[in-house]
$ cat final.txt   # compact mmCIF, C-alpha atoms
# COMPACT_ATOMS: atom_id res chain seq x y z
CA MET R 84 -11.12 -9.18 14.95
CA VAL R 85 -9.31 -10.55 11.97
CA ARG R 86 -8.97 -13.91 10.27
CA LEU R 87 -5.47 -15.13 9.60
CA ILE R 88 -6.19 -15.33 5.87
CA THR R 89 -6.57 -11.54 5.89
CA HIS R 90 -3.70 -11.03 8.29
CA ASN R 91 -1.44 -12.98 5.95
CA MET R 92 -2.19 -10.47 3.20
CA LEU R 93 -1.61 -7.35 5.28
CA THR R 94 1.54 -5.28 5.24
CA CYS R 95 2.30 -1.87 6.58
CA HIS R 96 0.49 0.64 4.41
CA VAL R 97 2.74 3.60 5.07
CA LYS R 98 4.25 4.90 1.85
CA ASN R 99 7.81 3.70 1.14
CA CYS R 100 7.86 1.49 4.21
CA THR R 101 10.04 -1.45 3.19
CA LYS R 102 11.69 -2.59 6.41
CA ASP R 103 10.14 -4.92 8.99
CA ASN R 104 6.70 -4.35 7.54
CA TYR R 105 5.58 -7.96 7.32
CA PRO R 106 3.98 -9.81 8.99
CA LEU R 107 2.22 -7.42 11.34
CA VAL R 108 2.67 -8.56 14.93
CA PHE R 109 -0.26 -9.03 17.28
CA GLN R 110 0.06 -7.51 20.72
CA ASP R 111 -2.26 -8.45 23.58
CA ALA R 112 -4.43 -10.36 21.18
CA ALA R 113 -7.17 -12.64 22.36
CA VAL R 114 -8.04 -15.68 20.27
CA GLU R 115 -11.54 -16.55 19.33
CA ILE R 116 -12.64 -19.57 17.38
CA ARG R 117 -15.62 -19.08 15.14
CA PRO R 118 -16.64 -22.11 13.09
CA ALA R 119 -16.94 -21.48 9.38
CA GLU R 120 -18.09 -23.74 6.62
CA PRO R 121 -15.07 -25.21 4.85
CA ASN R 122 -14.54 -24.58 1.16
CA LEU R 123 -11.48 -26.68 0.45
CA GLY R 124 -11.39 -25.79 -3.25
CA PHE R 125 -10.98 -22.15 -2.31
CA ILE R 126 -8.23 -22.94 0.19
CA GLU R 127 -6.39 -24.97 -2.40
CA ARG R 128 -6.55 -22.15 -4.94
CA PHE R 129 -5.40 -19.74 -2.26
CA LEU R 130 -2.25 -21.72 -1.46
CA PRO R 131 0.10 -19.92 -3.91
CA LYS R 132 -0.82 -16.55 -2.41
CA LEU R 133 0.05 -17.53 1.15
CA GLU R 134 3.30 -16.57 2.81
CA TRP R 135 3.83 -19.79 4.68
CA SER R 136 6.47 -18.86 7.23
CA ALA R 137 4.53 -15.75 8.28
CA LEU R 138 1.38 -17.81 8.66
CA VAL R 139 3.05 -20.47 10.80
CA SER R 140 4.81 -17.97 13.05
CA THR R 141 1.60 -15.99 13.58
CA ALA R 142 -0.42 -19.12 14.27
CA LYS R 143 2.20 -20.19 16.82
CA ALA R 144 2.09 -16.78 18.47
CA LEU R 145 -1.64 -17.24 18.82
CA GLY R 146 -1.12 -20.70 20.32
CA ASP R 147 -1.92 -22.96 17.38
CA ASP R 148 0.86 -25.23 16.18
CA SER R 149 -1.02 -27.67 14.00
CA LEU R 150 0.78 -26.53 10.85
CA PRO R 151 4.19 -27.87 9.76
CA GLU R 152 7.14 -25.48 9.84
CA VAL R 153 7.80 -25.88 6.12
CA MET R 154 5.13 -26.02 3.44
CA PRO R 155 4.86 -29.65 2.28
CA GLU R 156 6.62 -30.21 -1.04
CA ASP R 157 4.47 -33.15 -2.01
CA LYS R 158 1.54 -32.07 -4.25
CA GLU R 159 -0.56 -35.01 -3.10
CA GLU R 160 -0.17 -34.04 0.50
CA LEU R 161 -1.01 -30.42 -0.30
CA ARG R 162 -4.25 -31.51 -1.89
CA SER R 163 -5.18 -33.99 0.80
CA GLU R 164 -8.38 -33.25 2.66
CA GLU R 165 -6.72 -33.63 6.02
CA PHE R 166 -4.13 -30.95 5.28
CA LEU R 167 -6.63 -28.53 3.73
CA THR R 168 -9.03 -28.92 6.66
CA LYS R 169 -6.21 -28.10 9.05
CA LEU R 170 -5.33 -25.07 6.97
CA HIS R 171 -8.96 -24.02 6.79
CA HIS R 172 -9.14 -24.06 10.57
CA VAL R 173 -6.12 -21.80 10.90
CA LEU R 174 -7.02 -19.45 8.08
CA MET R 175 -10.74 -19.06 8.51
CA GLU R 176 -11.78 -20.10 12.01
CA LEU R 177 -8.99 -18.63 14.10
CA LEU R 178 -9.75 -15.02 14.90
CA ALA R 179 -7.37 -12.65 16.58
CA GLU R 180 -9.07 -10.00 18.62
CA HIS R 181 -7.50 -6.89 19.99
CA GLU R 182 -8.59 -6.42 23.57
CA VAL R 183 -7.74 -2.77 24.04
CA GLY R 184 -10.66 -0.39 23.96
CA ARG R 185 -13.45 -2.88 23.51
CA MET G 23 -32.14 16.73 -3.22
CA SER G 24 -28.74 17.70 -1.91
CA ARG G 25 -25.83 15.31 -2.17
CA PRO G 26 -24.60 13.77 1.10
CA GLU G 27 -20.94 14.25 0.19
CA GLU G 28 -21.51 18.01 0.12
CA ILE G 29 -22.98 18.06 3.62
CA ALA G 30 -20.20 16.55 5.73
CA PRO G 31 -17.22 14.16 5.53
CA PRO G 32 -18.29 10.51 5.39
CA GLU G 33 -17.18 9.57 8.89
CA ILE G 34 -19.30 12.38 10.29
CA PHE G 35 -22.24 12.16 7.91
CA TYR G 36 -22.67 8.47 8.67
CA GLY G 37 -22.79 8.95 12.42
CA ASP G 38 -24.62 6.63 14.80
CA VAL G 39 -28.08 7.85 13.86
CA GLU G 40 -27.59 8.00 10.11
CA ALA G 41 -25.84 4.60 10.06
CA LYS G 42 -28.81 2.88 11.74
CA LYS G 43 -31.30 4.74 9.55
CA TYR G 44 -29.37 3.86 6.40
CA THR G 45 -29.05 0.18 7.22
CA GLY G 46 -32.62 -0.23 8.40
CA ASN G 47 -34.18 1.45 5.39
CA THR G 48 -35.65 -1.24 3.14
CA ARG G 49 -35.55 1.01 0.09
CA VAL G 50 -31.82 1.62 0.54
CA GLN G 51 -31.38 -2.10 1.12
CA SER G 52 -33.11 -3.08 -2.11
CA ILE G 53 -31.29 -0.47 -4.20
CA GLN G 54 -27.96 -1.50 -2.71
CA ALA G 55 -28.71 -5.16 -3.35
CA GLU G 56 -29.66 -4.44 -6.95
CA MET G 57 -26.49 -2.44 -7.57
CA THR G 58 -24.32 -5.03 -5.86
CA ASP G 59 -25.81 -7.77 -8.01
CA ARG G 60 -25.14 -5.77 -11.12
CA ALA G 61 -21.59 -5.00 -9.97
CA ILE G 62 -20.94 -8.70 -9.36
CA GLU G 63 -22.32 -9.44 -12.81
CA LEU G 64 -19.92 -6.89 -14.29
CA LEU G 65 -17.03 -8.53 -12.45
CA ALA G 66 -17.61 -11.61 -14.62
CA LEU G 67 -16.22 -14.00 -12.02
CA PRO G 68 -15.79 -17.64 -12.96
CA PRO G 69 -19.00 -19.50 -12.01
CA ASP G 70 -19.16 -21.67 -8.88
CA GLU G 71 -15.76 -20.67 -7.60
CA ALA G 72 -15.35 -18.86 -4.31
CA GLN G 73 -13.22 -15.75 -4.69
CA PHE G 74 -11.39 -13.42 -2.33
CA ILE G 75 -12.97 -10.01 -2.83
CA LEU G 76 -12.26 -6.54 -1.51
CA ASP G 77 -15.33 -4.47 -0.67
CA ILE G 78 -14.30 -0.82 -0.75
CA GLY G 79 -16.50 1.29 1.48
CA CYS G 80 -18.42 -1.70 2.81
CA GLY G 81 -20.39 0.38 5.33
CA SER G 82 -22.72 -1.82 7.33
CA GLY G 83 -22.03 -4.79 5.09
CA LEU G 84 -25.14 -4.64 2.89
CA SER G 85 -23.11 -5.47 -0.19
CA GLY G 86 -20.96 -7.94 1.74
CA GLU G 87 -24.04 -10.00 2.62
CA ILE G 88 -24.70 -10.54 -1.05
CA LEU G 89 -21.11 -11.65 -1.56
CA ASP G 90 -21.64 -14.10 1.31
CA GLU G 91 -24.74 -15.47 -0.36
CA ASP G 92 -22.70 -16.18 -3.47
CA GLY G 93 -20.15 -18.02 -1.32
CA HIS G 94 -17.33 -15.52 -1.72
CA TYR G 95 -14.91 -14.50 0.99
CA TRP G 96 -14.51 -10.79 1.42
CA VAL G 97 -12.61 -8.10 3.28
CA GLY G 98 -14.25 -4.71 3.75
CA CYS G 99 -12.98 -1.30 4.61
CA ASP G 100 -14.83 1.88 5.46
CA VAL G 101 -14.03 5.25 6.97
CA ALA G 102 -17.16 5.60 9.11
CA PRO G 103 -16.82 3.87 12.52
CA SER G 104 -20.55 3.97 13.17
CA MET G 105 -21.27 2.05 9.99
CA LEU G 106 -18.70 -0.59 10.94
CA GLU G 107 -20.23 -0.79 14.39
CA VAL G 108 -23.56 -1.65 12.77
CA ALA G 109 -21.77 -4.20 10.59
CA LEU G 110 -20.25 -5.83 13.70
CA GLN G 111 -23.65 -5.98 15.36
CA ARG G 112 -25.08 -7.66 12.29
CA GLU G 113 -22.25 -10.21 12.47
CA VAL G 114 -21.19 -10.08 8.83
CA GLU G 115 -18.73 -12.70 7.65
CA GLY G 116 -15.96 -10.53 6.26
CA ASP G 117 -13.09 -8.88 8.10
CA LEU G 118 -13.57 -5.15 8.53
CA PHE G 119 -11.03 -2.35 8.41
CA LEU G 120 -11.51 1.19 9.60
CA GLN G 121 -9.60 2.90 6.86
CA ASP G 122 -9.63 5.97 4.67
CA ILE G 123 -9.40 4.66 1.13
CA GLY G 124 -7.76 7.89 0.01
CA GLN G 125 -4.67 6.82 1.93
CA GLY G 126 -4.27 3.59 0.02
CA PHE G 127 -4.38 -0.08 0.93
CA GLY G 128 -1.83 -2.13 2.79
CA PHE G 129 -2.34 -5.47 1.11
CA ARG G 130 0.30 -7.62 -0.50
CA PRO G 131 0.47 -7.59 -4.30
CA GLY G 132 -2.01 -9.88 -6.04
CA THR G 133 -4.12 -10.48 -2.93
CA PHE G 134 -7.64 -10.06 -4.29
CA ASP G 135 -9.47 -11.76 -7.14
CA ALA G 136 -11.78 -8.77 -7.55
CA ALA G 137 -12.90 -5.53 -5.90
CA ILE G 138 -16.33 -3.96 -5.68
CA SER G 139 -17.56 -0.71 -4.28
CA VAL G 140 -21.13 0.58 -4.12
CA SER G 141 -21.85 4.32 -3.89
CA VAL G 142 -18.47 5.25 -2.46
CA VAL G 143 -16.02 6.72 -4.93
CA GLN G 144 -17.81 10.06 -5.23
CA TRP G 145 -16.74 10.77 -1.64
CA LEU G 146 -13.12 10.74 -2.79
CA LEU G 147 -13.72 13.66 -5.11
CA ASN G 148 -14.35 16.11 -2.29
CA ALA G 149 -11.68 17.75 -0.21
CA ASP G 150 -12.98 17.45 3.35
CA SER G 151 -9.98 19.03 5.00
CA SER G 152 -7.23 21.36 3.91
CA ALA G 153 -4.81 18.43 3.91
CA HIS G 154 -6.92 16.58 1.33
CA SER G 155 -6.11 16.88 -2.31
CA PRO G 156 -8.58 14.80 -4.38
CA PRO G 157 -6.19 14.10 -7.30
CA GLN G 158 -3.46 12.90 -4.94
CA ARG G 159 -5.87 10.77 -2.95
CA LEU G 160 -7.32 9.28 -6.13
CA ASN G 161 -3.84 8.52 -7.36
CA ARG G 162 -2.84 6.78 -4.12
CA PHE G 163 -6.14 4.90 -4.02
CA PHE G 164 -5.93 3.57 -7.57
CA THR G 165 -2.23 2.71 -7.55
CA THR G 166 -2.41 0.74 -4.29
CA LEU G 167 -5.62 -0.93 -5.44
CA HIS G 168 -4.03 -1.87 -8.75
CA SER G 169 -1.13 -3.53 -7.00
CA CYS G 170 -3.27 -5.54 -4.58
CA LEU G 171 -5.42 -7.00 -7.36
CA ARG G 172 -4.54 -10.23 -9.12
CA ASN G 173 -3.77 -10.27 -12.84
CA PRO G 174 -6.19 -10.70 -14.61
CA SER G 175 -9.00 -9.32 -12.49
CA ARG G 176 -11.61 -6.60 -12.40
CA ALA G 177 -12.78 -3.88 -10.07
CA VAL G 178 -16.28 -2.42 -10.38
CA PHE G 179 -17.32 0.82 -8.69
CA GLN G 180 -20.90 2.05 -8.70
CA PHE G 181 -20.83 5.79 -8.13
CA TYR G 182 -22.87 9.00 -8.42
CA PRO G 183 -20.85 11.67 -10.20
CA SER G 184 -22.17 15.23 -9.94
CA SER G 185 -20.67 16.28 -13.26
CA ASP G 186 -18.89 14.96 -16.32
CA ASP G 187 -15.69 16.51 -15.02
CA GLN G 188 -15.80 14.14 -12.06
CA VAL G 189 -16.16 11.14 -14.35
CA HIS G 190 -13.24 12.39 -16.38
CA MET G 191 -11.14 12.92 -13.26
CA LEU G 192 -11.84 9.38 -12.05
CA THR G 193 -11.14 7.67 -15.35
CA THR G 194 -7.91 9.55 -15.97
CA ALA G 195 -6.69 8.77 -12.45
CA ALA G 196 -7.52 5.10 -12.96
CA GLN G 197 -5.79 4.98 -16.33
CA ARG G 198 -2.73 6.62 -14.89
CA ALA G 199 -2.58 3.90 -12.25
CA GLY G 200 -2.47 1.28 -15.01
CA PHE G 201 -6.09 0.15 -15.15
CA GLY G 202 -7.88 -0.55 -18.39
CA GLY G 203 -11.63 -0.30 -18.87
CA GLY G 204 -14.03 2.58 -18.50
CA VAL G 205 -17.50 3.72 -17.52
CA VAL G 206 -20.56 1.55 -18.08
CA VAL G 207 -23.91 3.39 -17.99
CA ASP G 208 -27.07 1.40 -17.30
CA TYR G 209 -30.40 2.82 -18.52
CA PRO G 210 -28.81 6.00 -19.93
CA ASN G 211 -32.19 7.45 -20.94
CA SER G 212 -33.90 7.12 -17.60
CA ALA G 213 -33.31 9.83 -15.01
CA LYS G 214 -34.23 7.57 -12.09
CA LYS G 215 -32.83 4.21 -13.10
CA ARG G 216 -29.66 5.57 -14.65
CA LYS G 217 -26.66 4.08 -12.88
CA MET G 218 -22.98 4.50 -13.59
CA TYR G 219 -20.37 1.85 -13.03
CA LEU G 220 -16.67 2.41 -13.33
CA CYS G 221 -15.45 -0.91 -14.62
CA LEU G 222 -11.68 -1.24 -14.28
CA MET G 223 -9.55 -4.12 -15.42
CA VAL G 224 -6.11 -5.38 -14.64
CA GLY G 225 -4.66 -7.04 -17.69
CA GLN G 226 -7.86 -7.24 -19.78
CA SER G 227 -9.30 -4.97 -22.39
CA GLU G 228 -12.98 -5.47 -23.26
CA ILE G 229 -15.55 -3.25 -21.51
CA PRO G 230 -18.96 -4.80 -20.84
CA LYS G 231 -22.03 -3.02 -22.24
CA GLY G 232 -24.56 -0.99 -20.28
CA LEU G 233 -28.17 -2.08 -19.87
CA GLY G 234 -30.90 -0.51 -22.02
CA GLU G 235 -34.63 0.04 -21.41
CA ASN G 236 -35.83 -3.57 -21.45
CA GLY G 237 -32.80 -4.94 -19.71
CA MET G 238 -31.30 -5.46 -23.15
CA GLU G 239 -27.69 -4.69 -23.73
CA ILE G 240 -27.11 -1.63 -25.86
CA GLU G 241 -25.45 -2.45 -29.15
CA GLY G 242 -22.65 -0.39 -30.55
CA ASP G 243 -24.60 0.77 -33.65
CA ALA G 244 -24.33 4.49 -33.03
CA GLY G 245 -20.58 4.36 -33.19
CA ASP G 246 -20.65 2.49 -36.49
CA ASP G 247 -22.99 5.05 -38.10
CA LYS G 248 -20.71 7.86 -37.21
CA VAL G 249 -17.84 6.08 -38.84
CA LYS G 250 -19.92 5.46 -41.98
CA ASN G 251 -20.87 9.16 -42.33
CA GLU G 252 -17.31 10.19 -41.80
CA LYS G 253 -16.30 7.96 -44.69
CA ARG G 254 -18.97 9.48 -46.98
CA ARG G 255 -17.91 12.98 -46.06
CA ARG G 256 -14.34 12.20 -46.88
CA THR G 257 -15.15 10.72 -50.31
CA GLU G 258 -17.36 13.71 -51.14
CA ARG G 259 -14.61 16.08 -50.24
CA ALA G 260 -12.20 14.13 -52.39
CA ARG G 261 -14.63 14.37 -55.33
CA GLY G 262 -14.50 18.18 -55.10
CA LYS G 263 -18.14 18.75 -54.23
CA LYS G 264 -18.77 22.24 -52.91
CA SER G 265 -18.88 22.47 -49.16
CA MET G 266 -21.39 24.67 -47.32
CA LYS G 267 -18.84 27.38 -46.70
CA GLY G 268 -18.45 28.30 -50.36
CA VAL G 269 -22.18 28.92 -50.80
CA VAL G 270 -22.01 32.72 -50.53
CA ASP G 271 -20.35 33.55 -53.82
CA LYS G 272 -21.44 35.98 -56.54
CA ASP G 273 -23.41 33.45 -58.62
CA TRP G 274 -25.42 32.35 -55.63
CA ILE G 275 -26.26 35.92 -54.61
CA MET G 276 -27.28 36.87 -58.15
CA LYS G 277 -29.47 33.82 -58.32
CA LYS G 278 -31.19 34.69 -55.06
CA LYS G 279 -31.73 38.31 -56.09
CA GLU G 280 -33.23 37.16 -59.37
CA LEU G 281 -35.53 34.86 -57.47
CA TYR G 282 -36.69 37.58 -55.08
CA ARG G 283 -37.33 40.02 -57.94
CA ASN G 284 -39.37 37.42 -59.78
CA ARG G 285 -41.41 36.87 -56.65
CA GLY G 286 -41.97 40.61 -56.38
CA LYS G 287 -40.17 41.09 -53.07
CA GLU G 288 -39.51 44.72 -52.16
CA GLY G 289 -36.13 46.23 -51.31
CA VAL G 290 -33.90 43.89 -53.22
CA PRO G 291 -30.60 45.82 -53.68
CA ARG G 292 -29.70 46.65 -57.21
CA ASP G 293 -26.76 44.99 -58.89
CA SER G 294 -23.50 46.90 -59.03
CA LYS G 295 -19.80 46.30 -59.14
CA PHE G 296 -19.91 46.03 -55.34
CA THR G 297 -22.33 43.11 -55.29
CA ALA G 298 -20.96 40.13 -53.34
CA ARG G 299 -17.70 41.89 -52.67
CA LYS G 300 -16.00 41.50 -49.36
CA ARG G 301 -15.63 44.51 -47.13
CA LYS G 302 -12.12 45.63 -46.41
CA PRO G 303 -10.88 44.41 -43.05
CA LYS G 304 -10.43 47.90 -41.58
CA PHE G 305 -14.16 48.61 -41.86
$ encode --input "final.txt" --output "structure tokens"
Amino acid sequence: MVRLITHNMLTCHVKNCTKDNYPLVFQDAAVEIRPAEPNLGFIERFLPKLEWSALVSTAKALGDDSLPEVMPEDKEELRSEEFLTKLHHVLMELLAEHEVGR
Amino acid sequence: MSRPEEIAPPEIFYGDVEAKKYTGNTRVQSIQAEMTDRAIELLALPPDEAQFILDIGCGSGLSGEILDEDGHYWVGCDVAPSMLEVALQREVEGDLFLQDIGQGFGFRPGTFDAAISVSVVQWLLNADSSAHSPPQRLNRFFTTLHSCLRNPSRAVFQFYPSSDDQVHMLTTAAQRAGFGGGVVVDYPNSAKKRKMYLCLMVGQSEIPKGLGENGMEIEGDAGDDKVKNEKRRRTERARGKKSMKGVVDKDWIMKKKELYRNRGKEGVPRDSKFTARKRKPKF
């Protein structure tokens, strides 16, 4: 069970692994939605750390395509509540769960 | 009382039974909460801002709950599956990783705003299998941690060292990985309340002070005194005042003998040309 905010930060942790190590790909993952209280200020401050393309591709793989393909250039749009709420849903409320063994 | 890290490796020591016992024990809970609060205080996070924090050795999430209360988002990792199982049952907020911290972290650079760890790092100092080499594991741990922390940020580890050598080993490994900072000791004069925090910084330099008896911060007076005395010693030496080493010369011995004779002490050797002479080295 992992939130996409954490998944976006994860790479392969094997020493000297530099090829195809990001993003990690989910296999046979189930999706769970667990509501979390939004903290839009946090999301906004987290924006520079995110790897957008990896986030969008992973969200699509998990069946959520609410995010635009390219990160919006416009600062106003980035700060808008609508956009941040959408992002909050993907980052914090979308959980990927591995089904094997549990 | 024997130390748990000497009994078994962490993933075995904290088995199903011990994990439940540990988490259910109110005394452990209150101590952990106290130490976590102090560690968060040492992190000196900006007030009223949620942060993304790494909890190293989160166990059953006792420390994570306190991070939740403060509104922070956290990611935890631990090597003991049973502890994580308990954490899952308690439905903690953070994401959990089953991971040996001695093998390093797989996070992107600059991920976390801070890292805390309560009663964990001492486990790294033991070699639990022949493949484990504590210095190598420490090195990997600190270098990967350093890279996944934001600049500037802090990492605070509460730990129980069994000797000064262990403290030294930890601090040197951390310094080698590029961290600044050092060890903060709370209540240094109390055997029970004494707690040690390894306070590491990325891109900062000032170490916070340890707590004293009345919860007061200890001032740096002792250090200043030492410096003052050193200065006096140096000026005295420059003035040519006799140091203690030169005390045993002929004048001094004659004076003492005179004194003893006046006092009527028996067996004072008589004066001769050999008085206060050095023996030859071959003697």
$ atom_distance --input "final.txt" --atom1 "CA of Gly203 (chain G)" --atom2 "CA of Gly234 (chain G)"
19.5 Å
$ interface_residues --input "final.txt" --of "chain G" --to "chain R" --cutoff "8 Å" --atoms "all atoms listed in the file" --output "mmCIF file with C-alpha atoms, in the frame of the given file"
data_model
loop_
_atom_site.group_PDB
_atom_site.id
_atom_site.type_symbol
_atom_site.label_atom_id
_atom_site.label_comp_id
_atom_site.auth_asym_id
_atom_site.auth_seq_id
_atom_site.Cartn_x
_atom_site.Cartn_y
_atom_site.Cartn_z
ATOM 1 C CA GLU G 71 -15.760 -20.670 -7.600
ATOM 2 C CA ALA G 72 -15.350 -18.860 -4.310
ATOM 3 C CA GLN G 73 -13.220 -15.750 -4.690
ATOM 4 C CA VAL G 97 -12.610 -8.100 3.280
ATOM 5 C CA ASP G 117 -13.090 -8.880 8.100
ATOM 6 C CA LEU G 118 -13.570 -5.150 8.530
ATOM 7 C CA GLY G 126 -4.270 3.590 0.020
ATOM 8 C CA PHE G 127 -4.380 -0.080 0.930
ATOM 9 C CA GLY G 128 -1.830 -2.130 2.790
ATOM 10 C CA PHE G 129 -2.340 -5.470 1.110
ATOM 11 C CA ARG G 130 0.300 -7.620 -0.500
ATOM 12 C CA GLY G 132 -2.010 -9.880 -6.040
ATOM 13 C CA THR G 133 -4.120 -10.480 -2.930
#
$ atom_distance --input "final.txt" --atom1 "CA of Thr45 (chain G)" --atom2 "CA of Ser141 (chain G)"
13.9 Å
$ closest_residue --input "final.txt" --among "G:Ser104, G:Glu91, G:Asp271, G:Gln188" --to "Asn148 (chain G)" --atoms "only C-alpha atoms"
G:Gln188
$ residues_around --input "final.txt" --residues "region 54-57 of chain G" --least-positions-apart "2" --cutoff "8 Å" --atoms "only C-alpha atoms" --output "list in words"
Val50, Gln51, Ser52, Asp59, Arg60, Ala61, Leu84, Ser85, Ile88, Val140 and Gln180 of chain G
$ residues_around --input "final.txt" --residues "Ile62 (chain G)" --least-positions-apart "4" --cutoff "8 Å" --atoms "all atoms listed in the file" --output "PyMOL selection string"
chain G and resi 58+66-67+138+178
$ residues_near_point --input "final.txt" --point "(-12.8, -3.9, 1.5)" --cutoff "7 Å" --atoms "all atoms listed in the file" --output "PyMOL selection string"
chain G and resi 76-80+97-99
$ atom_distance --input "final.txt" --atom1 "CA of Ala177 (chain G)" --atom2 "CA of Val114 (chain G)"
21.6 Å
$ closest_residue --input "final.txt" --among "R:Thr168, R:Asn99, R:Ser163, R:Gln110" --to "Ala144 (chain R)" --atoms "all atoms listed in the file"
R:Gln110
$ closest_residue --input "final.txt" --among "R:Glu134, R:Glu127, R:Glu180, R:Glu152" --to "Leu167 (chain R)" --atoms "all atoms listed in the file"
R:Glu127
